[in-house]
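The next block holds one structure in the form of C-alpha cells; read it before the comments.
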Amino acid sequence: MEFLCYHRDRTGSLPLRDELLEEHWSYMDRYAAEMIARGPTFAEDGDTPTGSVHIVDLPDPAAARAFAFDEPNYQAGVYRDVLLRRWRNTLGRTMWDFPGGPTDGNRYLVLGLGKEGPAADLAVPPPGRDELIAYGPLLSDDDALWLGTAALIRAPDPEAARAVLAPDRYADIEVHAWQFGGRPS
C-alpha cells in the first residue's frame, strides 16, 4: 500500500530541524527500499523549509502511522501537523526514475484537497509523464473514498503546477516549492 505523508513545519523550527538533520536522514535510510519520493518543501524565498514530503510503500495504515509519527523531527516538535493519506502511484515509478533528473527546472508539490462528488484527475493529465515526477489520488485508509490528488511536478512556475488539477473539483489546491530529498551523495 502506498502512502503520502506531508509533515508541515512549525513556525520557527528551522534551528531544531537543522540540529536533527542526521537523525532524520538515518531514520529515512531505514525506509530506502520503500521510498517512492521524498524531499523538503520551501517558502517563497526558496530557502526556508516549510515541510517534508515522503511517499512510501508500506504494509498497512498502522505501519504508515508509525512511519509518520515516529519520525525524529515529528517527535521533537519540528512539525506542526501531518497529512497522511493512502496514495496510488499512477505513474508506477519512483522519483529516481523521473527522466528529468533531480535538478533541472522548478519542482512543486501540488495537493488537491477534494470536495464531495465523484473522483477527479484519476488519469495522468497533460503534460503527462514528461513533467510529472509522482502523481496519484489521495484515498481513505480502506481505499474506498477519493479524498484528493497529489502530484510532484516540474513546472515553470506555481500557476503552471496548479494547472495540473481541475480547479472546480477541489475545496483547495496547495502548491509548494519542492526539491528532491535525501542524504547527499
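Every chain in the C-alpha cells takes a letter, A first, then B, and so on in the order presented; its residues are numbered from 1, and the ligands are numbered from 1 following the presented order.
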
Please provide as an MDAnalysis selection string all residues within 12 Å of Asp143 (chain A), with the sequence filter that same-chain residues fewer than 6 positions apart are discarded (counting only C-alpha atoms).
chainID A and resid 1:3 60:61 85:88 137

What's around Pro102 (chain A) at 9 Å? Count only C-alpha atoms, leave out sequence neighbours fewer than 4 positions away in its own chain, and write the answer as a count of residues only.
6

Using only C-alpha atoms, which residues sit within 9 Å of region 35-49 of chain A once same-chain residues fewer than 4 positions away are excluded, as a ChimeraX atom specification?
/A:2,8-9,14,17,28,31,53-57,89,93-96,108-109,133-134,152,176-182

Residues near Thr149 (chain A), cut-off 10 Å, only C-alpha atoms, skip fewer than 5 positions along chain, as a PyMOL selection string:
chain A and resi 87-88+110-114+119-122+135-139+165+170+173

Pull C-alpha atoms from the residues just selected and write them as a short mmCIF file (atom, residue, chain, number, x, y, z; two decimals), in the first residue's frame.
```
data_model
loop_
_atom_site.label_atom_id
_atom_site.label_comp_id
_atom_site.auth_asym_id
_atom_site.auth_seq_id
_atom_site.Cartn_x
_atom_site.Cartn_y
_atom_site.Cartn_z
CA TRP A 87 -1.99 7.20 -2.33
CA ARG A 88 -1.90 5.36 -5.63
CA VAL A 110 0.60 20.08 -5.63
CA LEU A 111 -2.05 18.94 -3.14
CA GLY A 112 -5.65 18.99 -4.30
CA LEU A 113 -7.97 18.56 -1.33
CA GLY A 114 -11.11 17.03 -2.79
CA ALA A 119 -13.33 11.47 -8.03
CA ALA A 120 -11.34 13.76 -10.31
CA ASP A 121 -7.97 13.67 -12.03
CA LEU A 122 -7.53 9.90 -11.80
CA TYR A 135 1.16 11.54 -9.39
CA GLY A 136 -1.86 9.86 -7.86
CA PRO A 137 -5.09 10.07 -5.91
CA LEU A 138 -5.28 10.59 -2.15
CA LEU A 139 -7.53 7.91 -0.69
CA LEU A 165 -5.50 19.70 -11.43
CA TYR A 170 -11.19 20.70 -5.14
CA ILE A 173 -5.30 23.36 -4.09
#
```

Excluding same-chain residues fewer than 6 positions from Leu132 (chain A), what lies within 10 Å of it counting only C-alpha atoms, as a JSON list (two decimals) with all heavy atoms, in the first residue's frame?
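So around24.json came out as:
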```json
[["chain", "number", "residue", "atom", "x", "y", "z"],
["A", 91, "LEU", "N", 1.85, 6.69, -11.89],
["A", 91, "LEU", "CA", 2.95, 6.61, -12.85],
["A", 91, "LEU", "C", 3.73, 5.30, -12.74],
["A", 91, "LEU", "O", 4.46, 4.94, -13.66],
["A", 91, "LEU", "CB", 3.91, 7.79, -12.66],
["A", 91, "LEU", "CG", 3.32, 9.18, -12.88],
["A", 91, "LEU", "CD1", 4.34, 10.25, -12.54],
["A", 91, "LEU", "CD2", 2.83, 9.34, -14.31],
["A", 95, "MET", "N", 10.72, 8.66, -7.80],
["A", 95, "MET", "CA", 11.27, 9.94, -8.27],
["A", 95, "MET", "C", 12.63, 9.75, -8.92],
["A", 95, "MET", "O", 13.00, 10.52, -9.80],
["A", 95, "MET", "CB", 11.34, 10.96, -7.13],
["A", 95, "MET", "CG", 12.40, 10.73, -6.10],
["A", 95, "MET", "SD", 12.32, 12.01, -4.83],
["A", 95, "MET", "CE", 13.99, 11.93, -4.20],
["A", 98, "PHE", "N", 12.46, 9.40, -12.63],
["A", 98, "PHE", "CA", 11.99, 10.55, -13.41],
["A", 98, "PHE", "C", 13.07, 10.93, -14.42],
["A", 98, "PHE", "O", 14.21, 11.21, -14.05],
["A", 98, "PHE", "CB", 11.69, 11.73, -12.47],
["A", 98, "PHE", "CG", 11.35, 13.01, -13.17],
["A", 98, "PHE", "CD1", 10.25, 13.09, -14.00],
["A", 98, "PHE", "CD2", 12.14, 14.14, -13.01],
["A", 98, "PHE", "CE1", 9.93, 14.28, -14.65],
["A", 98, "PHE", "CE2", 11.82, 15.33, -13.64],
["A", 98, "PHE", "CZ", 10.72, 15.40, -14.46],
["A", 99, "PRO", "N", 12.73, 10.95, -15.73],
["A", 99, "PRO", "CA", 13.74, 11.20, -16.75],
["A", 99, "PRO", "C", 14.33, 12.61, -16.70],
["A", 99, "PRO", "O", 15.40, 12.84, -17.24],
["A", 99, "PRO", "CB", 13.00, 10.95, -18.06],
["A", 99, "PRO", "CG", 11.56, 10.95, -17.74],
["A", 99, "PRO", "CD", 11.42, 10.63, -16.29],
["A", 100, "GLY", "N", 13.65, 13.55, -16.04],
["A", 100, "GLY", "CA", 14.16, 14.91, -15.95],
["A", 100, "GLY", "C", 15.25, 15.11, -14.92],
["A", 100, "GLY", "O", 15.80, 16.19, -14.79],
["A", 107, "ARG", "N", 10.52, 22.64, -9.23],
["A", 107, "ARG", "CA", 9.75, 21.47, -8.81],
["A", 107, "ARG", "C", 8.71, 21.91, -7.77],
["A", 107, "ARG", "O", 8.98, 22.79, -6.95],
["A", 107, "ARG", "CB", 10.64, 20.41, -8.17],
["A", 107, "ARG", "CG", 11.90, 20.07, -8.96],
["A", 107, "ARG", "CD", 11.55, 19.60, -10.36],
["A", 107, "ARG", "NE", 12.70, 19.45, -11.20],
["A", 107, "ARG", "CZ", 13.38, 18.33, -11.37],
["A", 107, "ARG", "NH1", 13.04, 17.25, -10.75],
["A", 107, "ARG", "NH2", 14.40, 18.30, -12.19],
["A", 108, "TYR", "N", 7.55, 21.26, -7.79],
["A", 108, "TYR", "CA", 6.46, 21.64, -6.89],
["A", 108, "TYR", "C", 5.73, 20.40, -6.37],
["A", 108, "TYR", "O", 5.61, 19.39, -7.08],
["A", 108, "TYR", "CB", 5.44, 22.53, -7.60],
["A", 108, "TYR", "CG", 6.04, 23.81, -8.10],
["A", 108, "TYR", "CD1", 6.50, 23.92, -9.41],
["A", 108, "TYR", "CD2", 6.16, 24.91, -7.26],
["A", 108, "TYR", "CE1", 7.07, 25.10, -9.87],
["A", 108, "TYR", "CE2", 6.74, 26.09, -7.71],
["A", 108, "TYR", "CZ", 7.19, 26.17, -9.02],
["A", 108, "TYR", "OH", 7.77, 27.34, -9.46],
["A", 124, "VAL", "N", -3.55, 10.15, -15.78],
["A", 124, "VAL", "CA", -2.38, 11.02, -15.91],
["A", 124, "VAL", "C", -2.74, 12.17, -16.84],
["A", 124, "VAL", "O", -3.12, 11.95, -17.99],
["A", 124, "VAL", "CB", -1.17, 10.24, -16.45],
["A", 124, "VAL", "CG1", 0.00, 11.17, -16.68],
["A", 124, "VAL", "CG2", -0.79, 9.12, -15.50],
["A", 125, "PRO", "N", -2.66, 13.42, -16.34],
["A", 125, "PRO", "CA", -3.06, 14.58, -17.14],
["A", 125, "PRO", "C", -1.94, 15.09, -18.03],
["A", 125, "PRO", "O", -0.79, 14.71, -17.84],
["A", 125, "PRO", "CB", -3.38, 15.61, -16.06],
["A", 125, "PRO", "CG", -2.39, 15.31, -14.98],
["A", 125, "PRO", "CD", -2.26, 13.80, -14.99],
["A", 126, "PRO", "N", -2.28, 15.97, -18.96],
["A", 126, "PRO", "CA", -1.21, 16.70, -19.63],
["A", 126, "PRO", "C", -0.49, 17.52, -18.57],
["A", 126, "PRO", "O", -1.15, 17.98, -17.65],
["A", 126, "PRO", "CB", -1.94, 17.61, -20.62],
["A", 126, "PRO", "CG", -3.34, 17.14, -20.64],
["A", 126, "PRO", "CD", -3.60, 16.36, -19.40],
["A", 151, "ALA", "N", 0.52, 15.56, -6.50],
["A", 151, "ALA", "CA", 1.49, 15.46, -7.60],
["A", 151, "ALA", "C", 2.79, 16.14, -7.20],
["A", 151, "ALA", "O", 2.78, 17.15, -6.50],
["A", 151, "ALA", "CB", 0.92, 16.14, -8.85],
["A", 152, "LEU", "N", 3.86, 15.57, -7.67],
["A", 152, "LEU", "CA", 5.16, 16.23, -7.68],
["A", 152, "LEU", "C", 5.42, 16.50, -9.15],
["A", 152, "LEU", "O", 5.34, 15.58, -9.97],
["A", 152, "LEU", "CB", 6.25, 15.35, -7.07],
["A", 152, "LEU", "CG", 6.06, 15.03, -5.59],
["A", 152, "LEU", "CD1", 7.07, 13.98, -5.14],
["A", 152, "LEU", "CD2", 6.16, 16.28, -4.75],
["A", 153, "ILE", "N", 5.70, 17.75, -9.49],
["A", 153, "ILE", "CA", 5.77, 18.13, -10.90],
["A", 153, "ILE", "C", 6.88, 19.14, -11.15],
["A", 153, "ILE", "O", 7.19, 19.97, -10.30],
["A", 153, "ILE", "CB", 4.40, 18.72, -11.35],
["A", 153, "ILE", "CG1", 4.38, 19.03, -12.84],
["A", 153, "ILE", "CG2", 4.02, 19.93, -10.52],
["A", 153, "ILE", "CD1", 2.99, 19.39, -13.38],
["A", 154, "ARG", "N", 7.47, 19.04, -12.33],
["A", 154, "ARG", "CA", 8.39, 20.07, -12.81],
["A", 154, "ARG", "C", 7.56, 21.03, -13.64],
["A", 154, "ARG", "O", 6.84, 20.61, -14.57],
["A", 154, "ARG", "CB", 9.49, 19.43, -13.67],
["A", 154, "ARG", "CG", 10.44, 20.46, -14.26],
["A", 154, "ARG", "CD", 11.59, 19.81, -14.99],
["A", 154, "ARG", "NE", 11.11, 18.98, -16.09],
["A", 154, "ARG", "CZ", 11.90, 18.25, -16.85],
["A", 154, "ARG", "NH1", 13.20, 18.22, -16.64],
["A", 154, "ARG", "NH2", 11.41, 17.53, -17.85],
["A", 155, "ALA", "N", 7.62, 22.32, -13.29],
["A", 155, "ALA", "CA", 6.81, 23.32, -14.00],
["A", 155, "ALA", "C", 7.54, 24.66, -13.95],
["A", 155, "ALA", "O", 8.36, 24.90, -13.06],
["A", 155, "ALA", "CB", 5.44, 23.45, -13.33],
["A", 161, "ALA", "N", 2.06, 24.71, -12.26],
["A", 161, "ALA", "CA", 1.96, 23.49, -11.46],
["A", 161, "ALA", "C", 0.52, 23.26, -11.01],
["A", 161, "ALA", "O", -0.02, 22.16, -11.11],
["A", 161, "ALA", "CB", 2.89, 23.58, -10.26],
["A", 164, "VAL", "N", -2.22, 21.52, -13.24],
["A", 164, "VAL", "CA", -2.27, 20.08, -13.48],
["A", 164, "VAL", "C", -3.58, 19.48, -12.94],
["A", 164, "VAL", "O", -3.99, 18.42, -13.38],
["A", 164, "VAL", "CB", -1.03, 19.38, -12.88],
["A", 164, "VAL", "CG1", -1.10, 19.29, -11.37],
["A", 164, "VAL", "CG2", -0.82, 18.01, -13.50]]
```

note - CA of Leu145 (chain A) and CA of Phe69 (chain A) are separated by 23.2 Å
